[in-house]
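Data file: upload.txt. Format and content: compact mmCIF, N, CA and C atoms.
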```txt
# COMPACT_ATOMS: atom_id res chain seq x y z
N MET A 9 -30.40 31.42 6.15
CA MET A 9 -29.99 30.13 6.69
C MET A 9 -29.82 29.10 5.56
N VAL A 10 -30.76 29.10 4.62
CA VAL A 10 -30.69 28.17 3.51
C VAL A 10 -29.45 28.44 2.67
N ALA A 11 -29.14 29.72 2.45
CA ALA A 11 -27.96 30.08 1.66
C ALA A 11 -26.69 29.59 2.37
N TYR A 12 -26.64 29.70 3.68
CA TYR A 12 -25.49 29.22 4.45
C TYR A 12 -25.34 27.71 4.30
N LEU A 13 -26.43 26.97 4.43
CA LEU A 13 -26.39 25.52 4.28
C LEU A 13 -25.98 25.11 2.88
N MET A 14 -26.46 25.80 1.87
CA MET A 14 -26.10 25.49 0.49
C MET A 14 -24.60 25.74 0.26
N THR A 15 -24.07 26.83 0.82
CA THR A 15 -22.65 27.13 0.69
C THR A 15 -21.82 26.05 1.39
N ALA A 16 -22.23 25.66 2.60
CA ALA A 16 -21.51 24.63 3.34
C ALA A 16 -21.54 23.31 2.58
N LEU A 17 -22.68 22.96 2.02
CA LEU A 17 -22.81 21.73 1.25
C LEU A 17 -21.93 21.76 0.01
N SER A 18 -21.89 22.88 -0.69
CA SER A 18 -21.07 22.96 -1.90
C SER A 18 -19.57 22.88 -1.55
N LEU A 19 -19.17 23.43 -0.40
CA LEU A 19 -17.78 23.33 0.03
C LEU A 19 -17.42 21.88 0.36
N LEU A 20 -18.33 21.17 1.02
CA LEU A 20 -18.09 19.76 1.33
C LEU A 20 -17.98 18.92 0.07
N LEU A 21 -18.85 19.17 -0.89
CA LEU A 21 -18.82 18.44 -2.16
C LEU A 21 -17.52 18.73 -2.91
N ALA A 22 -17.07 19.97 -2.89
CA ALA A 22 -15.81 20.33 -3.56
C ALA A 22 -14.64 19.62 -2.89
N ALA A 23 -14.64 19.56 -1.55
CA ALA A 23 -13.57 18.88 -0.83
C ALA A 23 -13.56 17.39 -1.15
N ASP A 24 -14.76 16.77 -1.23
CA ASP A 24 -14.85 15.36 -1.60
C ASP A 24 -14.32 15.13 -3.00
N ALA A 25 -14.67 16.00 -3.94
CA ALA A 25 -14.21 15.86 -5.32
C ALA A 25 -12.69 16.01 -5.39
N GLU A 26 -12.14 16.93 -4.61
CA GLU A 26 -10.69 17.13 -4.59
C GLU A 26 -9.98 15.90 -4.02
N ARG A 27 -10.53 15.33 -2.94
CA ARG A 27 -9.96 14.13 -2.33
C ARG A 27 -10.05 12.95 -3.31
N ASP A 28 -11.20 12.80 -3.98
CA ASP A 28 -11.37 11.72 -4.95
C ASP A 28 -10.36 11.84 -6.08
N ALA A 29 -10.11 13.06 -6.56
CA ALA A 29 -9.13 13.29 -7.63
C ALA A 29 -7.72 12.92 -7.16
N ALA A 30 -7.39 13.26 -5.92
CA ALA A 30 -6.07 12.93 -5.37
C ALA A 30 -5.90 11.41 -5.24
N VAL A 31 -6.96 10.72 -4.82
CA VAL A 31 -6.90 9.26 -4.71
C VAL A 31 -6.73 8.64 -6.10
N GLU A 32 -7.51 9.12 -7.08
CA GLU A 32 -7.40 8.58 -8.44
C GLU A 32 -5.99 8.77 -8.99
N LYS A 33 -5.42 9.96 -8.79
CA LYS A 33 -4.05 10.23 -9.24
C LYS A 33 -3.07 9.31 -8.50
N GLY A 34 -3.26 9.16 -7.20
CA GLY A 34 -2.38 8.30 -6.42
C GLY A 34 -2.43 6.85 -6.87
N LEU A 35 -3.62 6.36 -7.21
CA LEU A 35 -3.75 4.98 -7.66
C LEU A 35 -3.05 4.77 -9.01
N ARG A 36 -3.00 5.79 -9.84
CA ARG A 36 -2.27 5.68 -11.12
C ARG A 36 -0.78 5.40 -10.87
N ASP A 37 -0.23 5.96 -9.79
CA ASP A 37 1.18 5.71 -9.47
C ASP A 37 1.44 4.24 -9.17
N PHE A 38 0.45 3.53 -8.62
CA PHE A 38 0.60 2.12 -8.26
C PHE A 38 0.46 1.19 -9.47
N ARG A 39 -0.26 1.64 -10.49
CA ARG A 39 -0.64 0.77 -11.61
C ARG A 39 0.56 0.08 -12.24
N GLY A 40 0.41 -1.23 -12.47
CA GLY A 40 1.44 -2.00 -13.13
C GLY A 40 1.77 -3.27 -12.39
N THR A 41 2.80 -3.93 -12.86
CA THR A 41 3.29 -5.15 -12.22
C THR A 41 4.62 -4.85 -11.56
N TRP A 42 4.77 -5.32 -10.32
CA TRP A 42 5.92 -5.01 -9.49
C TRP A 42 6.57 -6.30 -9.00
N THR A 43 7.90 -6.24 -8.84
CA THR A 43 8.64 -7.33 -8.19
C THR A 43 9.45 -6.72 -7.04
N PRO A 44 9.65 -7.48 -5.98
CA PRO A 44 10.38 -6.93 -4.85
C PRO A 44 11.89 -6.84 -5.11
N VAL A 45 12.48 -5.74 -4.70
CA VAL A 45 13.92 -5.56 -4.71
C VAL A 45 14.48 -6.11 -3.40
N SER A 46 13.79 -5.77 -2.29
CA SER A 46 14.18 -6.28 -0.98
C SER A 46 12.99 -6.21 -0.03
N MET A 47 13.02 -7.10 0.95
CA MET A 47 12.04 -7.10 2.04
C MET A 47 12.80 -7.39 3.32
N GLU A 48 12.70 -6.45 4.26
CA GLU A 48 13.38 -6.59 5.54
C GLU A 48 12.33 -6.62 6.64
N MET A 49 12.35 -7.69 7.44
CA MET A 49 11.40 -7.82 8.53
C MET A 49 12.13 -7.83 9.86
N ASP A 50 11.99 -6.73 10.60
CA ASP A 50 12.60 -6.60 11.92
C ASP A 50 14.08 -6.99 11.91
N GLY A 51 14.80 -6.46 10.89
CA GLY A 51 16.24 -6.66 10.82
C GLY A 51 16.70 -7.87 10.03
N LYS A 52 15.76 -8.68 9.54
CA LYS A 52 16.13 -9.87 8.76
C LYS A 52 15.60 -9.72 7.34
N PHE A 53 16.49 -9.94 6.37
CA PHE A 53 16.10 -9.84 4.96
C PHE A 53 15.56 -11.18 4.47
N LEU A 54 14.48 -11.12 3.69
CA LEU A 54 13.96 -12.32 3.06
C LEU A 54 14.92 -12.75 1.96
N SER A 55 15.03 -14.04 1.73
CA SER A 55 16.00 -14.57 0.77
C SER A 55 15.64 -14.15 -0.66
N LEU A 56 16.67 -14.01 -1.47
CA LEU A 56 16.48 -13.65 -2.88
C LEU A 56 15.70 -14.73 -3.61
N ASP A 57 15.90 -16.00 -3.25
CA ASP A 57 15.15 -17.09 -3.88
C ASP A 57 13.65 -16.93 -3.63
N ARG A 58 13.31 -16.55 -2.44
CA ARG A 58 11.89 -16.34 -2.10
C ARG A 58 11.34 -15.11 -2.83
N LEU A 59 12.13 -14.03 -2.90
CA LEU A 59 11.68 -12.80 -3.55
C LEU A 59 11.45 -13.00 -5.04
N LYS A 60 12.24 -13.88 -5.68
CA LYS A 60 12.11 -14.11 -7.12
C LYS A 60 10.73 -14.65 -7.50
N LYS A 61 10.04 -15.28 -6.57
CA LYS A 61 8.73 -15.88 -6.84
C LYS A 61 7.58 -14.89 -6.66
N VAL A 62 7.87 -13.74 -6.07
CA VAL A 62 6.82 -12.79 -5.69
C VAL A 62 6.56 -11.80 -6.83
N ARG A 63 5.27 -11.55 -7.06
CA ARG A 63 4.85 -10.58 -8.07
C ARG A 63 3.56 -9.92 -7.59
N LEU A 64 3.48 -8.63 -7.78
CA LEU A 64 2.31 -7.83 -7.38
C LEU A 64 1.82 -7.08 -8.61
N THR A 65 0.55 -7.27 -8.95
CA THR A 65 -0.05 -6.57 -10.08
C THR A 65 -1.18 -5.70 -9.55
N ILE A 66 -1.15 -4.41 -9.90
CA ILE A 66 -2.12 -3.44 -9.40
C ILE A 66 -2.78 -2.75 -10.59
N ASP A 67 -4.10 -2.68 -10.56
CA ASP A 67 -4.87 -1.99 -11.59
C ASP A 67 -6.00 -1.24 -10.89
N GLY A 68 -5.85 0.09 -10.77
CA GLY A 68 -6.83 0.86 -9.99
C GLY A 68 -6.70 0.46 -8.53
N GLU A 69 -7.83 0.16 -7.91
CA GLU A 69 -7.82 -0.30 -6.52
C GLU A 69 -7.53 -1.78 -6.40
N LYS A 70 -7.66 -2.54 -7.48
CA LYS A 70 -7.55 -3.99 -7.43
C LYS A 70 -6.09 -4.44 -7.55
N PHE A 71 -5.77 -5.49 -6.78
CA PHE A 71 -4.43 -6.06 -6.87
C PHE A 71 -4.49 -7.58 -6.82
N THR A 72 -3.44 -8.21 -7.35
CA THR A 72 -3.18 -9.64 -7.20
C THR A 72 -1.75 -9.78 -6.72
N PHE A 73 -1.58 -10.52 -5.63
CA PHE A 73 -0.27 -10.76 -5.03
C PHE A 73 0.03 -12.25 -5.18
N GLU A 74 1.12 -12.58 -5.90
CA GLU A 74 1.47 -13.97 -6.15
C GLU A 74 2.81 -14.29 -5.49
N THR A 75 2.89 -15.46 -4.86
CA THR A 75 4.11 -15.86 -4.17
C THR A 75 4.77 -17.08 -4.79
N GLY A 76 4.22 -17.60 -5.87
CA GLY A 76 4.71 -18.83 -6.44
C GLY A 76 3.95 -20.03 -5.92
N ASP A 77 3.58 -20.00 -4.64
CA ASP A 77 2.82 -21.09 -4.03
C ASP A 77 1.33 -20.80 -4.00
N ASP A 78 0.98 -19.54 -3.86
CA ASP A 78 -0.44 -19.16 -3.81
C ASP A 78 -0.59 -17.71 -4.27
N SER A 79 -1.82 -17.24 -4.27
CA SER A 79 -2.07 -15.85 -4.65
C SER A 79 -3.23 -15.30 -3.85
N HIS A 80 -3.27 -13.97 -3.75
CA HIS A 80 -4.33 -13.26 -3.06
C HIS A 80 -4.80 -12.12 -3.96
N ASP A 81 -6.06 -11.81 -3.88
CA ASP A 81 -6.61 -10.64 -4.56
C ASP A 81 -7.12 -9.70 -3.49
N GLY A 82 -7.26 -8.44 -3.86
CA GLY A 82 -7.79 -7.49 -2.90
C GLY A 82 -7.86 -6.10 -3.46
N LEU A 83 -7.98 -5.16 -2.53
CA LEU A 83 -8.15 -3.75 -2.86
C LEU A 83 -7.11 -2.91 -2.15
N TYR A 84 -6.61 -1.91 -2.87
CA TYR A 84 -5.73 -0.90 -2.30
C TYR A 84 -6.58 0.33 -2.00
N LYS A 85 -6.67 0.69 -0.74
CA LYS A 85 -7.41 1.89 -0.31
C LYS A 85 -6.38 2.87 0.22
N ILE A 86 -6.15 3.96 -0.54
CA ILE A 86 -5.08 4.88 -0.18
C ILE A 86 -5.62 6.19 0.36
N ASP A 87 -4.79 6.84 1.16
CA ASP A 87 -5.04 8.20 1.61
C ASP A 87 -3.76 9.00 1.36
N PRO A 88 -3.67 9.60 0.16
CA PRO A 88 -2.45 10.32 -0.20
C PRO A 88 -2.30 11.66 0.53
N ALA A 89 -3.33 12.08 1.26
CA ALA A 89 -3.26 13.35 1.98
C ALA A 89 -2.52 13.23 3.31
N LYS A 90 -2.40 12.01 3.83
CA LYS A 90 -1.72 11.80 5.11
C LYS A 90 -0.21 11.89 4.92
N ASN A 91 0.50 12.14 6.02
CA ASN A 91 1.95 12.18 5.98
C ASN A 91 2.50 11.36 7.14
N PRO A 92 3.09 10.19 6.92
CA PRO A 92 3.28 9.57 5.63
C PRO A 92 1.96 9.09 5.03
N ARG A 93 1.97 8.88 3.72
CA ARG A 93 0.77 8.42 3.02
C ARG A 93 0.36 7.06 3.55
N GLU A 94 -0.96 6.87 3.63
CA GLU A 94 -1.48 5.63 4.21
C GLU A 94 -2.15 4.76 3.15
N LEU A 95 -2.04 3.45 3.38
CA LEU A 95 -2.62 2.45 2.50
C LEU A 95 -3.22 1.35 3.37
N ASN A 96 -4.47 1.02 3.10
CA ASN A 96 -5.07 -0.17 3.70
C ASN A 96 -5.17 -1.21 2.59
N ILE A 97 -4.56 -2.36 2.81
CA ILE A 97 -4.61 -3.44 1.85
C ILE A 97 -5.67 -4.42 2.34
N GLU A 98 -6.78 -4.50 1.61
CA GLU A 98 -7.90 -5.36 1.97
C GLU A 98 -7.86 -6.62 1.11
N VAL A 99 -7.68 -7.78 1.74
CA VAL A 99 -7.61 -9.05 1.02
C VAL A 99 -9.03 -9.57 0.79
N THR A 100 -9.35 -9.82 -0.49
CA THR A 100 -10.72 -10.27 -0.84
C THR A 100 -10.76 -11.72 -1.33
N ARG A 101 -9.59 -12.30 -1.65
CA ARG A 101 -9.53 -13.70 -2.08
C ARG A 101 -8.21 -14.30 -1.64
N GLY A 102 -8.28 -15.55 -1.21
CA GLY A 102 -7.08 -16.25 -0.76
C GLY A 102 -7.22 -16.63 0.70
N ASP A 103 -6.18 -17.25 1.23
CA ASP A 103 -6.27 -17.75 2.61
C ASP A 103 -6.28 -16.64 3.65
N GLU A 104 -6.03 -15.40 3.24
CA GLU A 104 -6.10 -14.27 4.17
C GLU A 104 -7.33 -13.39 3.90
N LYS A 105 -8.32 -13.95 3.21
CA LYS A 105 -9.53 -13.20 2.88
C LYS A 105 -10.12 -12.55 4.13
N GLY A 106 -10.45 -11.26 4.01
CA GLY A 106 -11.03 -10.52 5.12
C GLY A 106 -10.00 -9.73 5.93
N LYS A 107 -8.72 -10.03 5.75
CA LYS A 107 -7.67 -9.33 6.50
C LYS A 107 -7.41 -7.96 5.88
N VAL A 108 -7.10 -7.00 6.74
CA VAL A 108 -6.73 -5.65 6.29
C VAL A 108 -5.37 -5.33 6.89
N TYR A 109 -4.43 -4.94 6.02
CA TYR A 109 -3.09 -4.55 6.45
C TYR A 109 -3.00 -3.03 6.49
N PHE A 110 -2.39 -2.49 7.56
CA PHE A 110 -2.24 -1.05 7.76
C PHE A 110 -0.82 -0.64 7.39
N VAL A 111 -0.68 0.07 6.27
CA VAL A 111 0.60 0.30 5.62
C VAL A 111 0.84 1.79 5.43
N ILE A 112 2.10 2.19 5.39
CA ILE A 112 2.48 3.51 4.88
C ILE A 112 3.24 3.26 3.59
N TYR A 113 3.21 4.25 2.69
CA TYR A 113 3.85 4.06 1.39
C TYR A 113 4.43 5.36 0.88
N LYS A 114 5.38 5.19 -0.06
CA LYS A 114 5.92 6.33 -0.79
C LYS A 114 6.54 5.80 -2.08
N PHE A 115 6.77 6.70 -3.00
CA PHE A 115 7.47 6.40 -4.24
C PHE A 115 8.76 7.21 -4.24
N GLU A 116 9.86 6.52 -4.55
CA GLU A 116 11.17 7.17 -4.48
C GLU A 116 12.09 6.57 -5.54
N ASN A 117 12.64 7.42 -6.39
CA ASN A 117 13.57 6.97 -7.43
C ASN A 117 13.01 5.83 -8.28
N GLY A 118 11.72 5.95 -8.64
CA GLY A 118 11.08 4.94 -9.48
C GLY A 118 10.70 3.67 -8.76
N LYS A 119 10.89 3.62 -7.46
CA LYS A 119 10.54 2.44 -6.68
C LYS A 119 9.36 2.74 -5.76
N MET A 120 8.59 1.70 -5.47
CA MET A 120 7.49 1.80 -4.52
C MET A 120 7.98 1.22 -3.19
N ILE A 121 7.79 1.97 -2.12
CA ILE A 121 8.22 1.53 -0.80
C ILE A 121 6.99 1.43 0.09
N GLN A 122 6.84 0.28 0.73
CA GLN A 122 5.74 0.06 1.66
C GLN A 122 6.30 -0.43 2.98
N CYS A 123 5.62 -0.06 4.06
CA CYS A 123 6.07 -0.47 5.39
C CYS A 123 4.85 -0.74 6.25
N MET A 124 4.88 -1.86 6.96
CA MET A 124 3.79 -2.20 7.88
C MET A 124 4.36 -2.79 9.16
N HIS A 125 3.62 -2.65 10.24
CA HIS A 125 4.02 -3.22 11.52
C HIS A 125 3.72 -4.72 11.47
N VAL A 126 4.65 -5.56 11.92
CA VAL A 126 4.53 -7.00 11.80
C VAL A 126 3.25 -7.53 12.44
N ASP A 127 2.89 -7.02 13.62
CA ASP A 127 1.67 -7.53 14.27
C ASP A 127 0.40 -6.91 13.68
N ASN A 128 0.56 -5.91 12.83
CA ASN A 128 -0.54 -5.27 12.12
C ASN A 128 -1.61 -4.69 13.05
N GLU A 129 -1.24 -4.39 14.28
CA GLU A 129 -2.19 -3.78 15.21
C GLU A 129 -2.15 -2.26 15.13
N ARG A 130 -1.10 -1.74 14.51
CA ARG A 130 -0.99 -0.29 14.34
C ARG A 130 -0.22 -0.02 13.06
N ARG A 131 -0.33 1.20 12.58
CA ARG A 131 0.37 1.61 11.37
C ARG A 131 1.72 2.18 11.76
N PRO A 132 2.80 1.82 11.06
CA PRO A 132 4.09 2.41 11.40
C PRO A 132 4.10 3.91 11.12
N THR A 133 5.03 4.61 11.73
CA THR A 133 5.17 6.05 11.50
C THR A 133 6.45 6.36 10.75
N GLN A 134 7.34 5.37 10.63
CA GLN A 134 8.62 5.56 9.94
C GLN A 134 8.84 4.42 8.95
N PHE A 135 9.61 4.71 7.91
CA PHE A 135 9.97 3.71 6.92
C PHE A 135 11.27 3.04 7.36
N THR A 136 11.14 1.91 8.03
CA THR A 136 12.29 1.13 8.46
C THR A 136 11.88 -0.31 8.70
N GLY A 137 12.81 -1.21 8.49
CA GLY A 137 12.61 -2.61 8.81
C GLY A 137 13.72 -3.12 9.70
N LYS A 138 14.47 -2.20 10.26
CA LYS A 138 15.64 -2.55 11.09
C LYS A 138 15.21 -3.33 12.34
N ALA A 139 16.16 -4.07 12.89
CA ALA A 139 15.92 -4.86 14.10
C ALA A 139 15.35 -3.97 15.20
N GLY A 140 14.33 -4.48 15.86
CA GLY A 140 13.67 -3.74 16.93
C GLY A 140 12.51 -2.88 16.46
N SER A 141 12.40 -2.68 15.15
CA SER A 141 11.31 -1.84 14.63
C SER A 141 9.98 -2.59 14.61
N LYS A 142 10.05 -3.91 14.54
CA LYS A 142 8.86 -4.76 14.39
C LYS A 142 8.10 -4.43 13.12
N ASN A 143 8.84 -3.96 12.09
CA ASN A 143 8.24 -3.59 10.81
C ASN A 143 8.69 -4.51 9.70
N LEU A 144 7.86 -4.60 8.68
CA LEU A 144 8.21 -5.20 7.41
C LEU A 144 8.37 -4.04 6.43
N TYR A 145 9.56 -3.88 5.89
CA TYR A 145 9.92 -2.79 4.98
C TYR A 145 10.16 -3.40 3.61
N GLU A 146 9.36 -2.99 2.62
CA GLU A 146 9.42 -3.56 1.27
C GLU A 146 9.80 -2.51 0.25
N VAL A 147 10.72 -2.86 -0.64
CA VAL A 147 11.07 -2.01 -1.77
C VAL A 147 10.73 -2.79 -3.04
N TRP A 148 9.93 -2.16 -3.92
CA TRP A 148 9.44 -2.80 -5.14
C TRP A 148 9.91 -2.01 -6.36
N ARG A 149 10.15 -2.75 -7.47
CA ARG A 149 10.43 -2.08 -8.74
C ARG A 149 9.40 -2.55 -9.76
N ARG A 150 9.05 -1.64 -10.64
CA ARG A 150 8.06 -1.92 -11.67
C ARG A 150 8.68 -2.80 -12.75
N VAL A 151 7.93 -3.81 -13.19
CA VAL A 151 8.34 -4.66 -14.30
C VAL A 151 8.05 -3.91 -15.58
N LYS A 152 9.05 -3.86 -16.48
CA LYS A 152 8.85 -3.13 -17.74
C LYS A 152 8.34 -4.02 -18.83
```
Could the structure of this file be written out as structure tokens, please?
Amino acid sequence: MVAYLMTALSLLLAADAERDAAVEKGLRDFRGTWTPVSMEMDGKFLSLDRLKKVRLTIDGEKFTFETGDDSHDGLYKIDPAKNPRELNIEVTRGDEKGKVYFVIYKFENGKMIQCMHVDNERRPTQFTGKAGSKNLYEVWRRVK
């Protein structure tokens, strides 16, 4: 019985280590400073003037989101094993402190794509910001 429990425990520890390695690798993909290429909310695109002021800097789990008028800090909590991949954005500083956004994400052609449901009561299942989707669809490019 003890041998069975030890084997089960070692398998659980190995699975945790594998998941932690996948998260660490996934967070490396986010690292850097990003600017938005486009943001579409339920069929409406945010203006280019507004997008020019936005900047997102990510280092490990920590991020700073700047809009020109204010900024927020927080944590990126990812689950790269899900399909689509999931991201919880936890705000730790700013006027939205304590809020958690439920996001899906992917990387495509050197761009980071994130999508969240506007009411944030559920996580979207598709990457779209088209009218009727009630989603915010963001495309980001890394600043060189």
*Within 8 Å of range 78-92 of chain A using all atoms listed in the file, minus same-chain residues under 2 positions, as a ChimeraX atom specification*: /A:27,30-31,34-35,68-76,94-105,111-114,132-134
With a cut-off of 6 Å, could you pull out the residues of range 15-132 of chain A touching range 136-149 of chain A and give me the nearest pair of atoms for each, distance in Å to one decimal, using only C-alpha atoms, ordered by chain and ascending number, as CSV?
```
residue,atom,partner,partner_atom,distance
A:Trp42,CA,A:Arg149,CA,5.4
A:Thr43,CA,A:Trp148,CA,5.5
A:Pro44,CA,A:Trp148,CA,4.2
A:Val45,CA,A:Trp148,CA,5.3
A:Ser46,CA,A:Val147,CA,5.3
A:Met47,CA,A:Glu146,CA,4.5
A:Glu48,CA,A:Tyr145,CA,5.2
A:Met49,CA,A:Leu144,CA,4.3
A:Asp50,CA,A:Ala139,CA,4.3
A:Gly51,CA,A:Ala139,CA,3.8
A:Lys119,CA,A:Arg149,CA,5.0
A:Met120,CA,A:Trp148,CA,5.0
A:Ile121,CA,A:Val147,CA,4.6
A:Gln122,CA,A:Glu146,CA,5.2
A:Cys123,CA,A:Tyr145,CA,4.5
A:Met124,CA,A:Leu144,CA,5.4
A:His125,CA,A:Asn143,CA,4.3
A:Val126,CA,A:Asn143,CA,5.1
```
*Give the alpha helix (DSSP H) residues of chain A, as assigned by DSSP on the backbone, as JSON, numbers by chain.*
{"A": [10, 11, 12, 13, 14, 15, 16, 17, 18, 19, 20, 21, 22, 23, 24, 25, 26, 27, 28, 29, 30, 31, 32, 33, 34, 35, 36, 37, 38, 56, 57, 58, 59, 60]}
*asked:* Just the number, please: distance in Å from atom N of Lys152 in chain A to atom N of Arg93 in chain A, one decimal.
replied: 24.9 Å
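Atom to atom, atom N of Leu54 in chain A and atom N of Phe115 in chain A stand 20.5 Å apart.
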